[in-house]
Every structure is written in C-alpha cells, then in structure tokens.
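Structure, as structure tokens:
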Amino acid sequence: MTQTSEPSTVDLSVFDEDTVARARQLISRYPLSRSALLPMLHLVQSVEGYVSQAGIAFCAGQLDLSNAEVSAVATFYTMYKRKPCGEHLVSVCTNTLCAALGGDAIFAKLREHLGSEGKPLGQEETSGEPGTPGSITLEHAECLAACDLGPVLQVNYEFYDNQTPDKALELVTALQAGEKPAPTRGAPLTDFRQAELQLAGFFEGRESDLDGPSAAAETVRGARVAADNGWTAPSMSDDVAFPPVPEKK
Amino acid sequence: MVDSLTPVLTKRWLSPRSWTIKTYEQLEGYTALRKALGAHPDQIIQQCKDSGLRGRGGAGFPTGMKWGFIPQGDGKPHYLVINADEGEPGTCKDIPLMMADPHSLIEGIIITSYAIRANFAAIYVRGEALHCIRRLDGAVKEAYAAGYLGKDILGSGFDLDVVVHAGAGAYICGEETALLDSLEGKRGQPRLKPPFPATAGLYASPTVVNNVETIASVPFIVNGGSDWFRTMGRERSPGPKIYSLSGHVTRPGQYEAPMGTTLRELLELAGGMKDGIPLKFWTPGGSSTPLFTADHLDVPLDFEGAAEAGSMLGTTALQIFNETVSVPWAVMKWTEFYKHESCGKCTPCREGTYWLVQILQRMVAGNGTASDIDTLLDVCDNILGRSFCALGDGAVSPITSGIKYFKDEFLALCDKNSAVLAGAH
C-alpha cells in the first residue's frame with residue numbers, strides 16, 4: 001500500500017454524521033479506544049464496500065492513531081478488502097474436507113462462469129462494476145466452520161450448505177439477475193455493505209434477522225438421535241451445595 | 001451405565017426459538033446464575049476445579065486452575081475473554097452452539113466473571129459467523145433488559161458489561177495471545193509467554209481466555225455439581241463433549257457424548273461410512289492433530305486416549321475421509337491453509353510453511369522425487385517446537401502423520417521420476 005498523504009488532504013466527506021456517530025459509539029463500548037479499530041474497519045467497509053485510503057484516515061482520526069498504524073492492521077486481516085467489492089461477496093470453502101466433497105469443483109465452476117473472454121475470474125476479483133446491482137466478488141475461503149454441512153459457501157457471510165457445482169451456479173446466476181435466494185442458515189440476503197454494518201455491531205431495524213434459520217438437520221442430529229432413543233445425561237440432584245470456601249494458603 | 005449420547009449443551013437445540021431468553025428461561029435458564037450469585041466467588045472456582053472441566057478449545061487445560069491463577073486483591077481490573085474464533089479445519093461446534101443457545105454462553109460468562117471478579121467480558125467471534133454474531137448481540141441485549149447484565153445484577157452488587165466483538169478473518173486469532181492483541185485493535189500476532197494472560201492479558205491486566213464450549217458448560221456444573229459432571233466421561237477427562245462428524249459418513253453432524261467415546265461408536269450412531277466405502281484416515285480434533293487411520297477406531301476420544309495413541313483430542317473435529325481420497329493431496333491442501341494463515345511473525349513457520357507447500361505441490365503434480373519426503377520431514381523438524389506459537393506445530397501434524405501411515409502413497413507419486421533419475425545416472 002502506498003504511503004498516505006497527510007490526513008487533512010484526504011477527502012473524508014463520504015463518512016457522514018451517522019458514520020461519525022457510529023464510530024463514537026464503537027469507541028464507547030470498550031475500556032480502551034483502540035479496541036474499536038476492528039469494528040470500525042467493518043464500519044468503513046459498510047460505507048464504501050472496501051477499506052480505502054479515506055477509510056484508513058477516518059479510523060486513524062477517530063482513534064488518534066497514525067495512518068500507518070491503521071494500515072498495518074487493515075492489511076493483516078482477510079475480511080478487509082483493499083479493492084471495491086461487488087454487491088455480493090461469494091466465498092467458497094476450499095479447505096481439505098469441503099474440497100474433497102466438491103468445494104474445488106464449485107470454485108472452479110464459479111470462476112469460469114464469472115470470468116470473461118475465456119479467462120476465469122481470479123481470487124478476490126469482481127465480475128461487473130463493483131457496487132452495482134448484480135456485481136459479484138469471488139473468493140475461496142478457508143474452513144468456514146460448517147464441516148458437517150460441506151461443501152459450503154457463503155454470500156455476504158450467510159451460509160449456503162450442502163452445495164454442488166450446479167446449485168452454486170444457479171445461486172450465483174440468480175444473484176447476478178438481482179434475485180436474493182434465501183440462505184440455508186442466516187438472515188434474508190441483503191448485500192455486502194449491509195453485512196459489514198452488522199459486523200461492525202449495528203443491527204437497528206433488522207431485528208427480524210434473528211429469526212433466520214440456524215439449525216440444519218446435521219446440527220441437531222445427535223440431539224435428535226438421543227431424543228428418539230430416550231437417551232439423556234444423568235439426572236441432577238436437587239439443590240446441590242457448593243464446596244466450602246477454600247482456606248487462603 | 002451412562003447413555004451413548006448425553007445431550008447437555010445440545011439439549012435445548014431442538015426447542016422452538018431456542019435462542020430467545022423466553023425459551024431459555026423456560027428450560028432452567030439463568031437458575032444457575034441466581035445460585036452462583038449467592039455463593040462466594042472462590043466456591044465457584046473450587047467447584048469448577050472439583051468438576052475436572054478441561055478447556056474445550058483444544059489444549060485441555062484445567063479450567064478451574066486457570067481461573068485460580070487470576071491474582072485477587074491486586075487492585076487491577078480483571079477481564080474474561082471468550083475465544084469464539086472457531087476456525088480450526090474440521091471444527092464446527094461453537095458456531096452452532098452460539099446460534100442455537102447463545103444464552104447458555106452468556107449465563108456462563110456472568111458466572112465466570114463473578115468468580116474471577118471481572119466487570120468486563122468480550123466475546124471474540126469469528127467475523128465470517130455473521131448469523132452467530134447477530135444471535136449473540138440479540139441475546140446480550142435481552143440479558144441487559146432482564147437485568148442479568150449491567151449494574152447490580154439481580155441485586156447482588158455485581159456489575160458486568162459484555163461486548164460482542166467480530167474478528168476479521170485470521171485463523172491465528174484463535175491463539176489466545178494473538179486474540180488479545182487483535183481485541184486491542186492490533187495485528188493478530190502471538191505474544192511471548194510468560195507473562196501469561198492470567199497476569200498480563202487484555203490491556204496488560206489479569207485475563208481469563210476460555211473457549212465457548214467450556215464456558216457454556218459452567219451453568220450446568222453450578223446446577224448439577226462436580227459429582228454430576230463426573231458421572232460422564234473418564235477420570236481425567238470428565239463431562240460430555242460435542243463430537244463433530246464431517247466428511248464421508250452417512251449422517252454427519254453434532255453428537256454430544258461422554259468424553260472417551262470412540263469413533264467406532266460414533267460412526268454407528270451416524271449410520272457408518274457413506275455408501276459403504278471404507279475409512280482411510282481421519283482427524284480426531286481438527287487438521288492440527290496428527291491423522292488417525294482405520295486402526296484407531298477404538299481409541300477412547302478423550303485427552304489421554306488421543307495422546308496415548310499418538311495424536312491429540314484437539315476440538316473433537318472428526319473429519320472422515322474414505323479410500324477415494326489421496327493422502328498427499330489432502331496434506332497439501334491443509335499445508336496451503338497453514339501457509340496462508342501463518343502470521344509471519346516467526347521465521348520457522350513463515351518460511352517453513354512456504355517451502356512445504358512448494359514441495360507438496362510439486363509432488364502432487366507428479367514432479368517429486370523420493371528425496372522430497374526427507375526434505376519435507378527435515379523442514380517439519382525445523383518448525384516443530386521452534387515456532388513462536390502452536391500454529392507451526394499444527395502445520396506439521398498432517399505431514400508427519402501422513403508420511404508415517406501412508407509413506408507408500410507419497411512414494412508412488414515419485415515412482416516415475418525416480419525411474420527417470422535412475423536412468424540418467
């Protein structure tokens with residue numbers, strides 16, 4: 001990343017009063033202000049769809065850090081994007097287990113579909129004009145912690161479980177056409193920037209998102225088998241006492 | 001005789017809207033908190049020690065002992081940090097738990113914070129787990145509204161604030177000191193230990209870092225007592241454990257069973273190997289734990305059992321691969337992961353994983369030689385025990401165990417090239 005100029009010369013007008021108020025609110029959540037940096041970087045991504053030089057200067061200004069200190073953090077983490085993202089971010093798990101079950105084939109199929117002039121789309125590249133409807137940024141992701149539901153992919157960090165190359169292609173084609181197919185687990189799909197606002201910790205007006213499905217058949221499989229067989233943990237006695245207060249050594 | 005499955009942490013997952021405070025309170029939720037607030041904090045620590053609860057994040061450190069390391073009366077603020085940065089390949093237990101039953105974690109956090117005298121707790125959740133972050137945020141708000149969080153909780157005089165903090169995509173932040181740096185708004189790189197977090201953790205103050213499954217167990221221990229907890233599992237690894245079965249099995253999923261359950265028993269519950277294709281290799285606790293094979297079906301999966309058989313219990317992430325999967329290919333994929341996630345702080349891990357990937361890719365492409373196996377093992381030897389944190393140690397596990405059990409498969413990749421070289425001499 002190139003050396004940034006003095007903060008005063010960077011145009012921060014994209015970050016409006018609401019964003020400033022949210023940044024302040026983030027700072028107030030922590031005992032020390034710098035802890036607000038990671039959520040604040042999610043916040044600037046919700047405004048611009050990536051972490052721009054202005055986004056870095058904005059965080060630096062809010063937290064009284066240097067641009068270099070913020071840049072060092074922003075470039076360390078995979079989820080902070082350094083180029084503008086599409087309306088949607090599609091992340092395909094290609095870690096070993098998902099890959100063995102078809103994750104590599106899914107990623108290859110989507111690269112090919114989203115590519116142009118015979119060239120498959122590359123890692124973190126965008127099909128379409130970033131930010132415009134139907135534009136899609138594609139990435140292969142590391143293990144997404146849904147291995148029992150593999151192969152999985154995410155759109156804006158909502159889960160689409162038990163995928164196949166054909167199902168994934170159908171999903172992405174629908175996204176390009178402006179549709180928003182519901183995730184298997186997660187809230188109704190919005191877009192990458194809305195997701196980033198929630199990752200920054202702002203959920204106002206989206207309370208119904210909580211009701212999005214979460215428990216797949218796989219999730220509750222053991223609980224179901226236990227219920228069907230009448231298996232339980234041993235029962236607890238009533239009113240179990242605590243051990244005595246240990247003597248100070 | 002204890003049942004084959006013992007749902008404790010997973011028992012509410014079948015209930016309608018299990019993530020709401022209403023459902024939680026109907027199912028004994030927050031009863032342990034009321035009980036705990038009436039006890040002396042040291043009694044709770046002692047009870048946790050007596051229960052034998054060991055950390056569910058992979059290392060298995062005794063939880064009560066960890067709490068006991070927090071110096072009391074030191075005049076410094078204390079902190080509780082929940083490691084919810086689930087990212088170890090194969091591991092998928094904490095995210096479903098937090099989605100289905102976030103209040104069990106929050107109740108555990110309040111009790112633990114009261115025990116270690118902390119007034120601020122953070123849940124560091126993997127950023128990619130958006131739905132889980134949402135559910136936690138909703139649950140924290142419900143808990144504040146009900147008076148379980150904030151000032152003077154249930155009239156006890158105890159104050160606690162909890163923040164849900166989203167990470168940003170870095171496997172290394174699952175390492176507890178890297179997590180603390182990340183939570184402080186820095187690059188997530190591990191710290192030199194000592195000092196340990198118990199004396200200098202978050203903001204250089206005494207801090208307990210515990211895994212989600214560990215802390216969600218606490219309300220049950222408070223209600224059931226240490227003897228109840230010990231009715232499940234084995235002497236040195238007591239309690240129930242969520243085993244996550246994934247890959248080539250008929251019915252993958254989350255199965256909560258007593259510690260020490262074997263893969264043979266779990267496979268039976270999960271309908272056996274998918275399409276009847278035989279088992280070839282598996283991980284007992286994520287990709288950082290050395291591979292097992294079909295010879296290890298009867299290893300008791302607890303901390304001692306897995307270690308005695310040459311691996312580690314890790315996160316009980318049982319990734320199961322059948323005979324159709326190439327071991328060198330699987331090992332290459334995992335190594336690519338470690339190379340990507342190496343934080344770059346120490347040379348053995350940063351450089352070593354880079355070169356391991358080069359060699360493995362060459363071998364899998366059919367351009368390796370038998371001497372590459374020696375080179376791999378030599379590089380592994382320079383990473384294991386010489387890296388700054390456990391990421392490096394984990395990175396070599398698939399390679400060394402893969403070569404240990406499946407050397408022929410690595411050699412077979414090189415056959416063509418050995419012949420060419422032999423002819424050239």
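Residue names in the structure tokens use chain letters A, B, ... in the order shown, residue numbers from 1 in each chain, and ligand numbers from 1 in the order shown.
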
#### Entry: Selection: 7 Å around Ile136 (chain A), only C-alpha atoms, excl. self and same-chain fewer than 5 positions, as number ranges by chain
A: 86-90, 126-128

Go ahead and save the picked residues with C-alpha atoms, as a tab-separated table (two decimals), in the first residue's frame.
```
chain	number	residue	atom	x	y	z
A	86	GLY	CA	-19.27	-6.30	-5.70
A	87	GLU	CA	-22.84	-6.05	-4.49
A	88	HIS	CA	-22.28	-9.55	-3.15
A	89	LEU	CA	-19.22	-11.35	-1.84
A	90	VAL	CA	-19.26	-15.07	-2.60
A	126	THR	CA	-15.11	-8.83	-9.23
A	127	SER	CA	-17.45	-9.64	-12.07
A	128	GLY	CA	-19.30	-6.50	-13.11
```

### Task
Any chance you could list, as a ChimeraX atom specification, the residues in region 100-280 of chain B that come up helix (DSSP H, G or I) when DSSP is run on the backbone?
/B:100,102-116,130-145,153-155,171-174,176-183,197-200,202-204,212-229,263-269,274-276

### Query
Excluding same-chain residues fewer than 2 positions from Arg187 (chain B), what lies within 7 Å of it counting only C-alpha atoms, as a ChimeraX atom specification?
/A:73,76 /B:181-182,189

### Query
Which residue out of A:Lys248, A:Arg206, A:Arg221, A:Arg82 has the minimum interatomic distance to chain B when only C-alpha atoms are used?
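So, comparing all the options, the nearest one is A:Arg221.
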
#### Entry: Which of B:Pro284, B:Gly271, B:Gly402, B:Gly90 sits closest to Cys143 (chain A) [using only C-alpha atoms]
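Ranking B:Pro284, B:Gly271, B:Gly402, B:Gly90 by distance to Cys143 (chain A), first place goes to B:Gly90.
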
### Task
Extract the full set of strand (DSSP E or B) residues from region 96-290 of chain B according to DSSP on the backbone, and format it as an NGL selection string.
:B and (120-125 or 150 or 160-166 or 207-211 or 233-234 or 237-238 or 240-247 or 249 or 253-258 or 273 or 279-283)

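Across A:Pro84, A:Pro151, A:Gly103, A:Gly186, the tightest approach to chain B is made by A:Gly186 when counting only C-alpha atoms.
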
#### Entry: Near-region 110-119 of chain B list (7 Å; only C-alpha atoms; drop same-chain fewer than 5 positions) as number ranges by chain
B: 33, 36, 41-42, 44-45, 67, 70, 77-80, 159-161

Same residues, N, CA, C and O atoms, output as a compact mmCIF listing (two decimals), in the first residue's frame:
```txt
# COMPACT_ATOMS: atom_id res chain seq x y z
N LEU B 33 -27.28 -18.92 37.52
CA LEU B 33 -26.75 -17.59 37.85
C LEU B 33 -27.25 -17.15 39.23
O LEU B 33 -26.47 -16.66 40.06
N ALA B 36 -25.36 -19.00 41.79
CA ALA B 36 -23.94 -18.62 41.88
C ALA B 36 -23.77 -17.28 42.59
O ALA B 36 -22.83 -17.11 43.37
N PRO B 41 -17.33 -16.17 45.46
CA PRO B 41 -16.68 -16.45 44.17
C PRO B 41 -15.69 -17.62 44.24
O PRO B 41 -15.61 -18.42 43.30
N ASP B 42 -14.97 -17.72 45.34
CA ASP B 42 -13.98 -18.80 45.45
C ASP B 42 -14.63 -20.19 45.50
O ASP B 42 -14.02 -21.19 45.14
N ILE B 44 -17.12 -21.02 43.66
CA ILE B 44 -17.40 -21.37 42.26
C ILE B 44 -16.13 -21.87 41.58
O ILE B 44 -16.14 -22.86 40.84
N ILE B 45 -15.02 -21.19 41.88
CA ILE B 45 -13.74 -21.63 41.32
C ILE B 45 -13.42 -23.05 41.83
O ILE B 45 -13.02 -23.93 41.06
N TRP B 67 -8.74 -20.28 36.22
CA TRP B 67 -9.42 -19.20 36.96
C TRP B 67 -8.67 -18.87 38.24
O TRP B 67 -8.58 -17.71 38.64
N ILE B 70 -5.79 -16.19 38.49
CA ILE B 70 -6.04 -14.75 38.49
C ILE B 70 -5.75 -14.20 39.88
O ILE B 70 -6.36 -14.63 40.86
N PRO B 77 -8.11 -4.13 37.13
CA PRO B 77 -9.31 -4.71 36.53
C PRO B 77 -9.00 -6.12 36.00
O PRO B 77 -7.87 -6.39 35.59
N HIS B 78 -9.99 -6.99 36.07
CA HIS B 78 -9.84 -8.35 35.52
C HIS B 78 -10.76 -8.48 34.32
O HIS B 78 -11.80 -7.82 34.26
N TYR B 79 -10.40 -9.34 33.38
CA TYR B 79 -11.22 -9.50 32.19
C TYR B 79 -11.46 -10.97 31.88
O TYR B 79 -10.61 -11.83 32.14
N LEU B 80 -12.64 -11.22 31.29
CA LEU B 80 -12.92 -12.54 30.73
C LEU B 80 -13.08 -12.37 29.23
O LEU B 80 -13.85 -11.51 28.78
N ASP B 159 -21.38 -5.96 38.96
CA ASP B 159 -21.60 -5.29 37.68
C ASP B 159 -20.86 -6.05 36.57
O ASP B 159 -19.72 -6.48 36.77
N LEU B 160 -21.48 -6.15 35.41
CA LEU B 160 -20.78 -6.75 34.28
C LEU B 160 -21.29 -6.19 32.96
O LEU B 160 -22.49 -6.13 32.71
N ASP B 161 -20.34 -5.80 32.12
CA ASP B 161 -20.66 -5.43 30.74
C ASP B 161 -20.06 -6.46 29.80
O ASP B 161 -18.94 -6.95 30.02
```

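Between CA of Glu112 (chain A) and CA of Ala174 (chain A) the separation is 16.1 Å.
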
### Message
Under the rule that only C-alpha atoms are counted, which of B:Ala178, B:Val208, B:Leu263, B:Ala307 is the nearest residue to Gly68 (chain B)?
### Response
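Residue with the minimum atom-to-atom distance to Gly68 (chain B): B:Val208.
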
#### Entry: Who sits within 6 Å of Gly134 (chain A), only C-alpha atoms, same chain under 2 positions skipped, as a PyMOL selection string
chain A and resi 175-176+178

### Message
Given only C-alpha atoms as the basis, pick out the residue of B:Gly224, B:Gly127, B:Cys343, B:Tyr338 nearest to Tyr157 (chain A).
### Response
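Using only C-alpha atoms, Tyr157 (chain A) sits closest to B:Gly127.
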
### Residues within 10 Å of Gly87 (chain B), only C-alpha atoms, excluding chain neighbours under 5 positions, as an MDAnalysis selection string
(chainID A and resid 142:146) or (chainID B and resid 92 94:95 126 128 169:174 286)

Those selected residues, please, written with N, CA, C and O atoms and delivered as a PDB file, in the first residue's frame.
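The resulting file, part-v3.pdb, is reproduced below:
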```
ATOM      1  N   GLU A 142     -10.972 -20.055   3.647  1.00  0.00           N
ATOM      2  CA  GLU A 142     -10.502 -21.158   4.493  1.00  0.00           C
ATOM      3  C   GLU A 142     -11.706 -21.710   5.244  1.00  0.00           C
ATOM      4  O   GLU A 142     -12.803 -21.178   5.162  1.00  0.00           O
ATOM      5  N   CYS A 143     -11.458 -22.782   6.008  1.00  0.00           N
ATOM      6  CA  CYS A 143     -12.544 -23.519   6.676  1.00  0.00           C
ATOM      7  C   CYS A 143     -13.571 -22.569   7.302  1.00  0.00           C
ATOM      8  O   CYS A 143     -13.243 -21.714   8.106  1.00  0.00           O
ATOM      9  N   LEU A 144     -14.824 -22.727   6.920  1.00  0.00           N
ATOM     10  CA  LEU A 144     -15.887 -21.830   7.382  1.00  0.00           C
ATOM     11  C   LEU A 144     -16.660 -22.395   8.571  1.00  0.00           C
ATOM     12  O   LEU A 144     -17.741 -21.913   8.913  1.00  0.00           O
ATOM     13  N   ALA A 145     -16.116 -23.422   9.199  1.00  0.00           N
ATOM     14  CA  ALA A 145     -16.693 -23.970  10.432  1.00  0.00           C
ATOM     15  C   ALA A 145     -18.131 -24.460  10.233  1.00  0.00           C
ATOM     16  O   ALA A 145     -19.004 -24.216  11.047  1.00  0.00           O
ATOM     17  N   ALA A 146     -18.338 -25.156   9.131  1.00  0.00           N
ATOM     18  CA  ALA A 146     -19.636 -25.780   8.876  1.00  0.00           C
ATOM     19  C   ALA A 146     -19.386 -27.133   8.197  1.00  0.00           C
ATOM     20  O   ALA A 146     -20.081 -27.512   7.264  1.00  0.00           O
TER      21      ALA A 146
ATOM     22  N   CYS B  92     -16.566 -27.319  14.071  1.00  0.00           N
ATOM     23  CA  CYS B  92     -17.846 -26.682  13.747  1.00  0.00           C
ATOM     24  C   CYS B  92     -18.834 -26.925  14.877  1.00  0.00           C
ATOM     25  O   CYS B  92     -19.977 -27.287  14.649  1.00  0.00           O
ATOM     26  N   ASP B  94     -18.784 -24.699  18.046  1.00  0.00           N
ATOM     27  CA  ASP B  94     -19.098 -23.473  18.791  1.00  0.00           C
ATOM     28  C   ASP B  94     -20.108 -22.602  18.040  1.00  0.00           C
ATOM     29  O   ASP B  94     -20.976 -21.990  18.663  1.00  0.00           O
ATOM     30  N   ILE B  95     -19.970 -22.538  16.742  1.00  0.00           N
ATOM     31  CA  ILE B  95     -20.880 -21.692  15.964  1.00  0.00           C
ATOM     32  C   ILE B  95     -22.320 -22.207  16.062  1.00  0.00           C
ATOM     33  O   ILE B  95     -23.218 -21.429  16.383  1.00  0.00           O
ATOM     34  N   ARG B 126     -15.536 -15.161  15.409  1.00  0.00           N
ATOM     35  CA  ARG B 126     -15.051 -15.158  14.038  1.00  0.00           C
ATOM     36  C   ARG B 126     -15.953 -14.277  13.165  1.00  0.00           C
ATOM     37  O   ARG B 126     -17.180 -14.402  13.192  1.00  0.00           O
ATOM     38  N   GLU B 128     -16.615 -14.238  10.036  1.00  0.00           N
ATOM     39  CA  GLU B 128     -17.413 -14.897   8.998  1.00  0.00           C
ATOM     40  C   GLU B 128     -18.704 -15.496   9.557  1.00  0.00           C
ATOM     41  O   GLU B 128     -19.563 -15.941   8.795  1.00  0.00           O
ATOM     42  N   GLY B 169     -11.186 -12.321  10.018  1.00  0.00           N
ATOM     43  CA  GLY B 169     -10.626 -13.289   9.084  1.00  0.00           C
ATOM     44  C   GLY B 169      -9.151 -13.517   9.296  1.00  0.00           C
ATOM     45  O   GLY B 169      -8.322 -13.077   8.503  1.00  0.00           O
ATOM     46  N   ALA B 170      -8.794 -14.182  10.379  1.00  0.00           N
ATOM     47  CA  ALA B 170      -7.401 -14.544  10.628  1.00  0.00           C
ATOM     48  C   ALA B 170      -7.411 -15.724  11.594  1.00  0.00           C
ATOM     49  O   ALA B 170      -7.729 -15.570  12.768  1.00  0.00           O
ATOM     50  N   TYR B 171      -7.045 -16.895  11.064  1.00  0.00           N
ATOM     51  CA  TYR B 171      -7.021 -18.122  11.860  1.00  0.00           C
ATOM     52  C   TYR B 171      -6.162 -17.964  13.111  1.00  0.00           C
ATOM     53  O   TYR B 171      -6.492 -18.474  14.181  1.00  0.00           O
ATOM     54  N   ILE B 172      -5.067 -17.209  12.981  1.00  0.00           N
ATOM     55  CA  ILE B 172      -4.125 -17.080  14.085  1.00  0.00           C
ATOM     56  C   ILE B 172      -4.785 -16.475  15.322  1.00  0.00           C
ATOM     57  O   ILE B 172      -4.342 -16.695  16.449  1.00  0.00           O
ATOM     58  N   CYS B 173      -5.867 -15.715  15.139  1.00  0.00           N
ATOM     59  CA  CYS B 173      -6.511 -15.089  16.291  1.00  0.00           C
ATOM     60  C   CYS B 173      -7.207 -16.106  17.195  1.00  0.00           C
ATOM     61  O   CYS B 173      -7.684 -15.736  18.272  1.00  0.00           O
ATOM     62  N   GLY B 174      -7.238 -17.362  16.804  1.00  0.00           N
ATOM     63  CA  GLY B 174      -7.700 -18.411  17.713  1.00  0.00           C
ATOM     64  C   GLY B 174      -6.646 -18.722  18.773  1.00  0.00           C
ATOM     65  O   GLY B 174      -6.946 -19.340  19.795  1.00  0.00           O
ATOM     66  N   GLY B 286      -9.401 -31.864  14.434  1.00  0.00           N
ATOM     67  CA  GLY B 286      -9.002 -30.788  13.534  1.00  0.00           C
ATOM     68  C   GLY B 286      -7.715 -31.139  12.819  1.00  0.00           C
ATOM     69  O   GLY B 286      -7.041 -32.114  13.171  1.00  0.00           O
TER      70      GLY B 286
END
```

### Message
Between A:Ala105, A:Met236, A:Ala216, A:Leu26, which residue has the minimum interatomic distance to Lys167 (chain A), considering only C-alpha atoms?
### Response
A:Ala105

#### Entry: Long-range neighbours of Pro62 (chain B) as a VMD selection string, 8 Å cut-off, only C-alpha atoms, 3 positions minimum in chain
chain B and resid 49 52 to 55 65 to 66

### Task
State, in Å with one decimal place, the distance from CA of Pro240 (chain B) to CA of Val245 (chain A).
26.6 Å
